[in-house]
$ cat data13.pdb   # PDB, C-alpha atoms
ATOM      1  CA  MET K   1     -62.346  15.697  -2.786
ATOM      2  CA  ALA K   2     -59.075  14.166  -3.919
ATOM      3  CA  ALA K   3     -56.630  13.093  -1.291
ATOM      4  CA  PRO K   4     -53.709  15.516  -0.874
ATOM      5  CA  THR K   5     -50.501  14.545  -2.663
ATOM      6  CA  PRO K   6     -47.708  13.726  -0.206
ATOM      7  CA  GLU K   7     -44.926  16.277  -0.271
ATOM      8  CA  THR K   8     -41.573  15.108  -1.515
ATOM      9  CA  SER K   9     -38.952  15.412   1.193
ATOM     10  CA  THR K  10     -36.033  17.685   0.354
ATOM     11  CA  GLU K  11     -33.944  16.370   3.209
ATOM     12  CA  PRO K  12     -30.964  14.265   2.077
ATOM     13  CA  ALA K  13     -31.115  10.582   2.973
ATOM     14  CA  LEU K  14     -27.374  10.684   3.427
ATOM     15  CA  GLN K  15     -24.629  13.236   3.978
ATOM     16  CA  VAL K  16     -20.943  12.698   3.301
ATOM     17  CA  ILE K  17     -17.845  14.307   4.716
ATOM     18  CA  ALA K  18     -14.835  13.293   2.610
ATOM     19  CA  MET K  19     -11.206  13.938   3.518
ATOM     20  CA  HIS K  20      -8.148  13.571   1.304
ATOM     21  CA  GLY K  21      -4.786  12.294   2.477
ATOM     22  CA  TRP K  22      -1.226  13.609   2.707
ATOM     23  CA  ALA K  23      -0.275  15.966  -0.156
ATOM     24  CA  GLY K  24      -3.801  15.717  -1.582
ATOM     25  CA  THR K  25      -6.580  18.237  -2.179
ATOM     26  CA  ALA K  26     -10.360  18.330  -1.950
ATOM     27  CA  ALA K  27     -10.475  18.315  -5.763
ATOM     28  CA  SER K  28      -9.666  14.607  -5.705
ATOM     29  CA  TRP K  29     -13.307  13.993  -4.739
ATOM     30  CA  ASP K  30     -14.748  15.870  -7.727
ATOM     31  CA  PRO K  31     -15.414  12.656  -9.728
ATOM     32  CA  TRP K  32     -17.666  11.468  -6.894
ATOM     33  CA  LEU K  33     -19.930  14.512  -6.851
ATOM     34  CA  PRO K  34     -22.232  13.737  -9.832
ATOM     35  CA  ALA K  35     -23.182  10.314  -8.416
ATOM     36  CA  ALA K  36     -23.814  11.767  -4.971
ATOM     37  CA  ARG K  37     -25.936  14.603  -6.323
ATOM     38  CA  ALA K  38     -27.923  12.227  -8.532
ATOM     39  CA  ARG K  39     -28.890  10.367  -5.363
ATOM     40  CA  GLY K  40     -29.799  13.541  -3.523
ATOM     41  CA  TRP K  41     -26.953  13.172  -1.056
ATOM     42  CA  HIS K  42     -25.215  16.127   0.575
ATOM     43  CA  TRP K  43     -21.443  16.027  -0.028
ATOM     44  CA  SER K  44     -18.782  18.165   1.633
ATOM     45  CA  SER K  45     -15.042  17.738   1.013
ATOM     46  CA  GLY K  46     -12.404  18.767   3.507
ATOM     47  CA  GLU K  47      -9.369  20.717   2.343
ATOM     48  CA  ARG K  48      -6.110  20.666   4.308
ATOM     49  CA  GLY K  49      -4.615  23.590   2.403
ATOM     50  CA  TYR K  50      -1.332  22.188   1.092
ATOM     51  CA  GLY K  51      -1.732  23.992  -2.216
ATOM     52  CA  ALA K  52      -3.536  27.054  -3.535
ATOM     53  CA  ALA K  53      -6.944  26.223  -2.019
ATOM     54  CA  PRO K  54      -7.518  27.599   1.488
ATOM     55  CA  PRO K  55      -8.032  25.167   4.380
ATOM     56  CA  PHE K  56     -11.625  24.097   4.972
ATOM     57  CA  MET K  57     -13.112  21.585   7.394
ATOM     58  CA  PRO K  58     -16.793  20.677   6.936
ATOM     59  CA  SER K  59     -19.241  19.899   9.712
ATOM     60  CA  TRP K  60     -22.252  17.613   9.965
ATOM     61  CA  GLN K  61     -25.605  18.919   8.739
ATOM     62  CA  PRO K  62     -28.821  18.518  10.775
ATOM     63  CA  GLN K  63     -30.367  15.952   8.387
ATOM     64  CA  GLY K  64     -29.097  12.808   6.694
ATOM     65  CA  LEU K  65     -27.241   9.679   7.727
ATOM     66  CA  ARG K  66     -23.700  10.793   8.563
ATOM     67  CA  VAL K  67     -21.076   9.102   6.382
ATOM     68  CA  LEU K  68     -17.344   9.649   6.618
ATOM     69  CA  ILE K  69     -15.110   8.759   3.650
ATOM     70  CA  ALA K  70     -11.376   9.206   4.135
ATOM     71  CA  HIS K  71      -8.386   8.414   1.960
ATOM     72  CA  SER K  72      -5.147   7.250   3.582
ATOM     73  CA  LEU K  73      -4.097   9.786   6.262
ATOM     74  CA  GLY K  74      -7.408  11.632   5.869
ATOM     75  CA  VAL K  75      -9.131  10.057   8.872
ATOM     76  CA  HIS K  76      -6.210  11.201  11.059
ATOM     77  CA  LEU K  77      -6.539  14.785   9.768
ATOM     78  CA  LEU K  78     -10.171  15.225  10.811
ATOM     79  CA  PRO K  79     -11.093  17.083  14.005
ATOM     80  CA  PRO K  80     -11.774  14.601  16.841
ATOM     81  CA  GLU K  81     -15.283  15.984  17.376
ATOM     82  CA  LEU K  82     -16.370  14.904  13.872
ATOM     83  CA  LEU K  83     -15.555  11.237  14.277
ATOM     84  CA  PRO K  84     -17.902  10.010  17.040
ATOM     85  CA  ALA K  85     -20.988  11.307  15.211
ATOM     86  CA  ALA K  86     -20.304   9.319  12.024
ATOM     87  CA  GLU K  87     -22.819   6.529  11.359
ATOM     88  CA  ARG K  88     -20.933   4.903   8.464
ATOM     89  CA  VAL K  89     -17.194   4.989   7.731
ATOM     90  CA  VAL K  90     -15.335   4.195   4.515
ATOM     91  CA  LEU K  91     -11.531   4.035   4.659
ATOM     92  CA  LEU K  92      -9.773   4.043   1.282
ATOM     93  CA  ALA K  93      -6.165   2.810   1.459
ATOM     94  CA  GLY K  94      -6.462   3.351   5.180
ATOM     95  CA  PHE K  95      -4.359   2.437   8.171
ATOM     96  CA  GLY K  96      -4.247   2.828  11.919
ATOM     97  CA  CYS K  97      -0.534   2.185  12.347
ATOM     98  CA  PHE K  98       1.310   3.431   9.251
ATOM     99  CA  VAL K  99       4.730   2.017  10.125
ATOM    100  CA  PRO K 100       4.317  -1.688  10.944
ATOM    101  CA  PRO K 101       6.435  -3.024  13.813
ATOM    102  CA  GLY K 102       9.572  -5.028  13.141
ATOM    103  CA  ARG K 103      11.271  -5.639   9.806
ATOM    104  CA  PRO K 104       8.297  -4.564   7.579
ATOM    105  CA  GLY K 105       8.514  -1.043   8.990
ATOM    106  CA  ARG K 106      12.267  -0.428   8.966
ATOM    107  CA  SER K 107      12.690   0.715   5.365
ATOM    108  CA  LEU K 108       9.497   2.728   5.608
ATOM    109  CA  ARG K 109      10.707   4.607   8.677
ATOM    110  CA  THR K 110      13.990   5.372   6.898
ATOM    111  CA  ALA K 111      12.038   6.736   3.921
ATOM    112  CA  LEU K 112       9.955   8.973   6.190
ATOM    113  CA  VAL K 113      13.105  10.444   7.739
ATOM    114  CA  ALA K 114      14.433  11.245   4.264
ATOM    115  CA  MET K 115      11.120  12.841   3.271
ATOM    116  CA  ASP K 116      11.166  15.008   6.374
ATOM    117  CA  ALA K 117      14.688  16.167   5.549
ATOM    118  CA  ALA K 118      13.611  17.100   2.012
ATOM    119  CA  LEU K 119      10.829  19.288   3.423
ATOM    120  CA  ALA K 120      13.128  21.085   5.858
ATOM    121  CA  ASP K 121      14.373  24.577   5.052
ATOM    122  CA  ILE K 122      17.744  25.025   3.379
ATOM    123  CA  PRO K 123      19.369  27.884   5.337
ATOM    124  CA  ASP K 124      19.283  31.214   3.511
ATOM    125  CA  ASP K 125      17.928  29.665   0.302
ATOM    126  CA  PRO K 126      14.101  29.689   0.141
ATOM    127  CA  THR K 127      14.113  29.036  -3.609
ATOM    128  CA  ALA K 128      16.136  25.844  -3.261
ATOM    129  CA  SER K 129      13.937  24.800  -0.327
ATOM    130  CA  ALA K 130      10.796  25.261  -2.401
ATOM    131  CA  LEU K 131      12.193  23.355  -5.392
ATOM    132  CA  ARG K 132      13.512  20.466  -3.289
ATOM    133  CA  ALA K 133      10.131  20.045  -1.599
ATOM    134  CA  GLN K 134       8.388  20.118  -4.986
ATOM    135  CA  ALA K 135      10.708  17.375  -6.256
ATOM    136  CA  LEU K 136       9.900  15.289  -3.178
ATOM    137  CA  LEU K 137       6.162  15.593  -3.760
ATOM    138  CA  ARG K 138       6.549  14.690  -7.421
ATOM    139  CA  ASP K 139       8.469  11.554  -6.467
ATOM    140  CA  PHE K 140       5.816  10.699  -3.888
ATOM    141  CA  LEU K 141       3.021  11.126  -6.414
ATOM    142  CA  VAL K 142       4.747   8.772  -8.854
ATOM    143  CA  GLN K 143       4.598   6.092  -6.164
ATOM    144  CA  ALA K 144       1.041   6.999  -5.164
ATOM    145  CA  ALA K 145      -0.135   6.799  -8.787
ATOM    146  CA  SER K 146       1.675   3.557  -9.648
ATOM    147  CA  PRO K 147       0.900   1.320 -11.480
ATOM    148  CA  ASP K 148      -0.927   4.127 -13.298
ATOM    149  CA  PRO K 149       0.998   7.007 -14.899
ATOM    150  CA  VAL K 150       1.433  10.039 -12.682
ATOM    151  CA  SER K 151      -0.110  12.152 -15.458
ATOM    152  CA  LEU K 152      -3.516  10.892 -14.285
ATOM    153  CA  MET K 153      -3.108  12.575 -10.900
ATOM    154  CA  PRO K 154      -5.221  15.699 -10.389
ATOM    155  CA  SER K 155      -3.511  19.052 -10.022
ATOM    156  CA  GLY K 156      -2.192  19.811  -6.565
ATOM    157  CA  PRO K 157       0.606  21.332  -4.498
ATOM    158  CA  ALA K 158       3.340  19.550  -6.473
ATOM    159  CA  ASP K 159       2.489  21.641  -9.545
ATOM    160  CA  GLN K 160       4.659  24.484  -8.300
ATOM    161  CA  PRO K 161       7.585  25.098  -5.918
ATOM    162  CA  LEU K 162       6.323  24.821  -2.336
ATOM    163  CA  PRO K 163       6.374  27.961  -0.177
ATOM    164  CA  ALA K 164       7.415  27.769   3.467
ATOM    165  CA  PRO K 165       3.871  27.508   4.971
ATOM    166  CA  ALA K 166       3.041  24.517   2.740
ATOM    167  CA  ARG K 167       6.334  22.822   3.590
ATOM    168  CA  GLN K 168       5.714  23.311   7.288
ATOM    169  CA  LEU K 169       2.198  21.878   7.080
ATOM    170  CA  LEU K 170       3.327  18.882   5.034
ATOM    171  CA  ARG K 171       6.154  18.270   7.469
ATOM    172  CA  ARG K 172       3.827  18.445  10.458
ATOM    173  CA  ASP K 173       1.412  15.988   8.882
ATOM    174  CA  LEU K 174       4.277  13.703   7.864
ATOM    175  CA  ALA K 175       5.224  13.530  11.537
ATOM    176  CA  LEU K 176       1.611  12.625  12.323
ATOM    177  CA  LEU K 177       1.813   9.877   9.715
ATOM    178  CA  ALA K 178       5.047   8.496  11.157
ATOM    179  CA  ALA K 179       3.700   8.586  14.721
ATOM    180  CA  SER K 180       0.363   6.930  13.990
ATOM    181  CA  THR K 181       0.011   3.704  15.945
ATOM    182  CA  ASP K 182      -3.772   3.336  16.024
ATOM    183  CA  LEU K 183      -6.991   4.799  14.719
ATOM    184  CA  PRO K 184      -7.556   8.369  15.909
ATOM    185  CA  ALA K 185      -9.331   9.048  19.178
ATOM    186  CA  GLY K 186     -13.097   9.100  18.817
ATOM    187  CA  PHE K 187     -13.198   6.711  15.859
ATOM    188  CA  PRO K 188     -16.702   5.165  15.852
ATOM    189  CA  GLU K 189     -15.838   1.488  16.002
ATOM    190  CA  ALA K 190     -19.418   0.317  16.611
ATOM    191  CA  VAL K 191     -20.801   1.560  13.267
ATOM    192  CA  PRO K 192     -20.572  -0.225   9.883
ATOM    193  CA  VAL K 193     -17.122   0.255   8.342
ATOM    194  CA  LEU K 194     -15.908  -0.484   4.821
ATOM    195  CA  LEU K 195     -12.192  -0.969   4.154
ATOM    196  CA  VAL K 196     -11.205  -0.556   0.501
ATOM    197  CA  GLU K 197      -7.612  -1.538  -0.164
ATOM    198  CA  ALA K 198      -5.468  -1.018  -3.237
ATOM    199  CA  GLY K 199      -3.966  -4.309  -4.334
ATOM    200  CA  ASP K 200      -0.836  -2.630  -5.759
ATOM    201  CA  ASP K 201      -0.473   0.062  -3.079
ATOM    202  CA  ARG K 202       3.122   1.347  -2.886
ATOM    203  CA  ILE K 203       2.426   3.707   0.019
ATOM    204  CA  VAL K 204       0.513   1.715   2.645
ATOM    205  CA  ALA K 205       2.357  -1.504   3.416
ATOM    206  CA  PRO K 206       0.459  -4.831   3.275
ATOM    207  CA  ALA K 207       1.290  -5.371   6.959
ATOM    208  CA  ALA K 208      -0.339  -2.039   7.838
ATOM    209  CA  ARG K 209      -3.470  -2.987   5.886
ATOM    210  CA  ASP K 210      -3.658  -6.308   7.700
ATOM    211  CA  LEU K 211      -3.232  -4.608  11.073
ATOM    212  CA  LEU K 212      -6.183  -2.335  10.276
ATOM    213  CA  ALA K 213      -8.373  -5.277   9.302
ATOM    214  CA  GLU K 214      -7.445  -7.007  12.566
ATOM    215  CA  ARG K 215      -8.181  -3.792  14.461
ATOM    216  CA  LEU K 216     -11.679  -3.627  12.923
ATOM    217  CA  PRO K 217     -12.730  -7.285  12.709
ATOM    218  CA  GLY K 218     -16.349  -6.394  11.973
ATOM    219  CA  ALA K 219     -15.492  -4.244   8.961
ATOM    220  CA  GLU K 220     -16.250  -5.319   5.413
ATOM    221  CA  ARG K 221     -13.012  -5.575   3.430
ATOM    222  CA  ILE K 222     -12.590  -5.105  -0.315
ATOM    223  CA  ILE K 223      -9.263  -5.422  -2.126
ATOM    224  CA  LEU K 224      -9.172  -3.886  -5.609
ATOM    225  CA  ALA K 225      -6.664  -5.861  -7.629
ATOM    226  CA  GLY K 226      -4.423  -3.716  -9.812
ATOM    227  CA  ALA K 227      -5.287  -0.474  -8.007
ATOM    228  CA  GLY K 228      -2.599   1.896  -6.808
ATOM    229  CA  HIS K 229      -2.706   4.033  -3.706
ATOM    230  CA  ALA K 230      -4.445   6.879  -5.537
ATOM    231  CA  PHE K 231      -7.099   4.612  -7.146
ATOM    232  CA  LEU K 232      -6.744   6.349 -10.511
ATOM    233  CA  SER K 233      -7.759   3.938 -13.295
ATOM    234  CA  THR K 234      -9.328   1.507 -10.800
ATOM    235  CA  SER K 235     -11.854   3.599  -8.914
ATOM    236  CA  PRO K 236     -13.489   2.389  -5.682
ATOM    237  CA  GLN K 237     -16.501   4.617  -6.314
ATOM    238  CA  ALA K 238     -18.906   1.924  -7.553
ATOM    239  CA  ALA K 239     -18.081  -0.424  -4.666
ATOM    240  CA  VAL K 240     -18.462   2.343  -2.101
ATOM    241  CA  LEU K 241     -21.788   3.590  -3.491
ATOM    242  CA  GLU K 242     -23.156   0.042  -3.619
ATOM    243  CA  TRP K 243     -22.123  -0.548  -0.005
ATOM    244  CA  LEU K 244     -23.702   2.699   1.165
ATOM    245  CA  GLU K 245     -26.971   2.015  -0.649
ATOM    246  CA  ARG K 246     -27.016  -1.496   0.774
ATOM    247  CA  THR K 247     -26.523  -0.274   4.330
ATOM    248  CA  LEU K 248     -29.276   2.311   3.801
ATOM    249  CA  ALA K 249     -31.782  -0.321   2.742
ATOM    250  CA  PRO K 250     -34.412  -1.137   5.413
TER     251      PRO K 250
END
$ encode --input "data13.pdb" --output "structure tokens"
Amino acid sequence: MAAPTPETSTEPALQVIAMHGWAGTAASWDPWLPAARARGWHWSSGERGYGAAPPFMPSWQPQGLRVLIAHSLGVHLLPPELLPAAERVVLLAGFGCFVPPGRPGRSLRTALVAMDAALADIPDDPTASALRAQALLRDFLVQAASPDPVSLMPSGPADQPLPAPARQLLRRDLALLAASTDLPAGFPEAVPVLLVEAGDDRIVAPAARDLLAERLPGAERIILAGAGHAFLSTSPQAAVLEWLERTLAP
């Protein structure tokens, strides 16, 4: 009698929770999905709800190595209970303290105050409020895309005037950004961490990137020369997938 053929496991070797940053959407992770599915990985993207898509926060599945991938503010937007269970962490254009202390942070703090004012309501004029907030996001996206053209950015909340609920949420998260002085509570510092930095980032200051690397001295650090904050024409996907497959290897 022939020996029975071993059953092929349908359980994913790896599961990913991915979270976008300020003013972003879950759709920014769509280019990553084919590669993840080809590897049999389970992928779930968080959605903050700045635009038309409703808010959604994924949770860990019972099977698969738990991997967290976050862009910019994304790791600060995740529920605290998700973080400690992560077994691998990838931070793209990440930071712990967004506004560096001293001179490097002064102009940045001034810019954040101006952004907050642009998101505030104009009394008795909701239309002007919505248009002013849209203009702010468009200006922000130009900087986030640079040195790439902003036309490469995926669709998002800046595509239309911003209603009051979106402005309020963006303003609340902007305050979180300005107040960030460290990694969020529950961050799993003992697990393997990959830091992928954009060499031409116009959003996260070089001093903030250095502070994060000092905060996580055991992390692997990759700097993508020529990449902007949004990693448009210079994608970190290949480097991240290679790192994950390497850390999965026995």
$ residues_around --input "data13.pdb" --residues "Asp148 in chain K" --least-positions-apart "6" --cutoff "8 Å" --atoms "all atoms listed in the file" --output "list in words"
Gly228, Leu232 and Ser233 of chain K
$ resolve_selection --input "data13.pdb" --expression "the PyMOL selection byres ((chain K and resi 179-193) around 9)" --output "count of residues only"
37
$ closest_atom_pairs --input "data13.pdb" --of "range 91-207 of chain K" --to "range 18-32 of chain K" --cutoff "12 Å" --atoms "all atoms listed in the file" --output "CSV"
residue,atom,partner,partner_atom,distance
K:Leu91,CA,K:Met19,CA,10.0
K:Leu92,CA,K:His20,CA,9.7
K:Ala93,CA,K:Gly21,CA,9.6
K:Gly94,CA,K:Gly21,CA,9.5
K:Phe95,CA,K:Gly21,CA,11.4
K:Ala133,CA,K:Ala23,CA,11.3
K:Gln134,CA,K:Ala23,CA,10.8
K:Leu136,CA,K:Ala23,CA,10.6
K:Leu137,CA,K:Ala23,CA,7.4
K:Arg138,CA,K:Ala23,CA,10.0
K:Asp139,CA,K:Ala23,CA,11.7
K:Phe140,CA,K:Ala23,CA,8.9
K:Leu141,CA,K:Ala23,CA,8.6
K:Ala144,CA,K:Ala23,CA,10.4
K:Leu152,CA,K:Ser28,CA,11.2
K:Met153,CA,K:Ser28,CA,8.6
K:Pro154,CA,K:Ser28,CA,6.5
K:Ser155,CA,K:Ala27,CA,8.2
K:Gly156,CA,K:Thr25,CA,6.4
K:Pro157,CA,K:Ala23,CA,7.0
K:Ala158,CA,K:Ala23,CA,8.1
K:Asp159,CA,K:Ala23,CA,11.3
K:Leu162,CA,K:Ala23,CA,11.3
K:Ala166,CA,K:Ala23,CA,9.6
K:Arg167,CA,K:Ala23,CA,10.2
K:Leu169,CA,K:Ala23,CA,9.7
K:Leu170,CA,K:Ala23,CA,7.0
K:Arg171,CA,K:Trp22,CA,9.9
K:Arg172,CA,K:Trp22,CA,10.4
K:Asp173,CA,K:Trp22,CA,7.1
K:Leu174,CA,K:Trp22,CA,7.5
K:Ala175,CA,K:Trp22,CA,10.9
K:Leu176,CA,K:Trp22,CA,10.1
K:Leu177,CA,K:Trp22,CA,8.5
K:Ala178,CA,K:Trp22,CA,11.7
K:Ile203,CA,K:Trp22,CA,10.9
K:Val204,CA,K:Gly21,CA,11.8
$ atom_distance --input "data13.pdb" --atom1 "CA of Pro12 in chain K" --atom2 "CA of Leu244 in chain K"
13.7 Å
$ atom_distance --input "data13.pdb" --atom1 "CA of Ala52 in chain K" --atom2 "CA of Gln160 in chain K"
9.8 Å
$ atom_distance --input "data13.pdb" --atom1 "CA of Arg209 in chain K" --atom2 "CA of Trp60 in chain K"
28.2 Å
$ closest_residue --input "data13.pdb" --among "K:Leu241, K:Ile17, K:Ala249, K:Met115" --to "Ser59 in chain K" --atoms "all atoms listed in the file"
K:Ile17
$ closest_residue --input "data13.pdb" --among "K:Ala38, K:Ala118, K:Leu248, K:Ile222" --to "Leu131 in chain K" --atoms "all atoms listed in the file"
K:Ala118
$ closest_residue --input "data13.pdb" --among "K:Gln61, K:Thr234, K:Leu211, K:Gln168" --to "Gly199 in chain K" --atoms "all atoms listed in the file"
K:Thr234
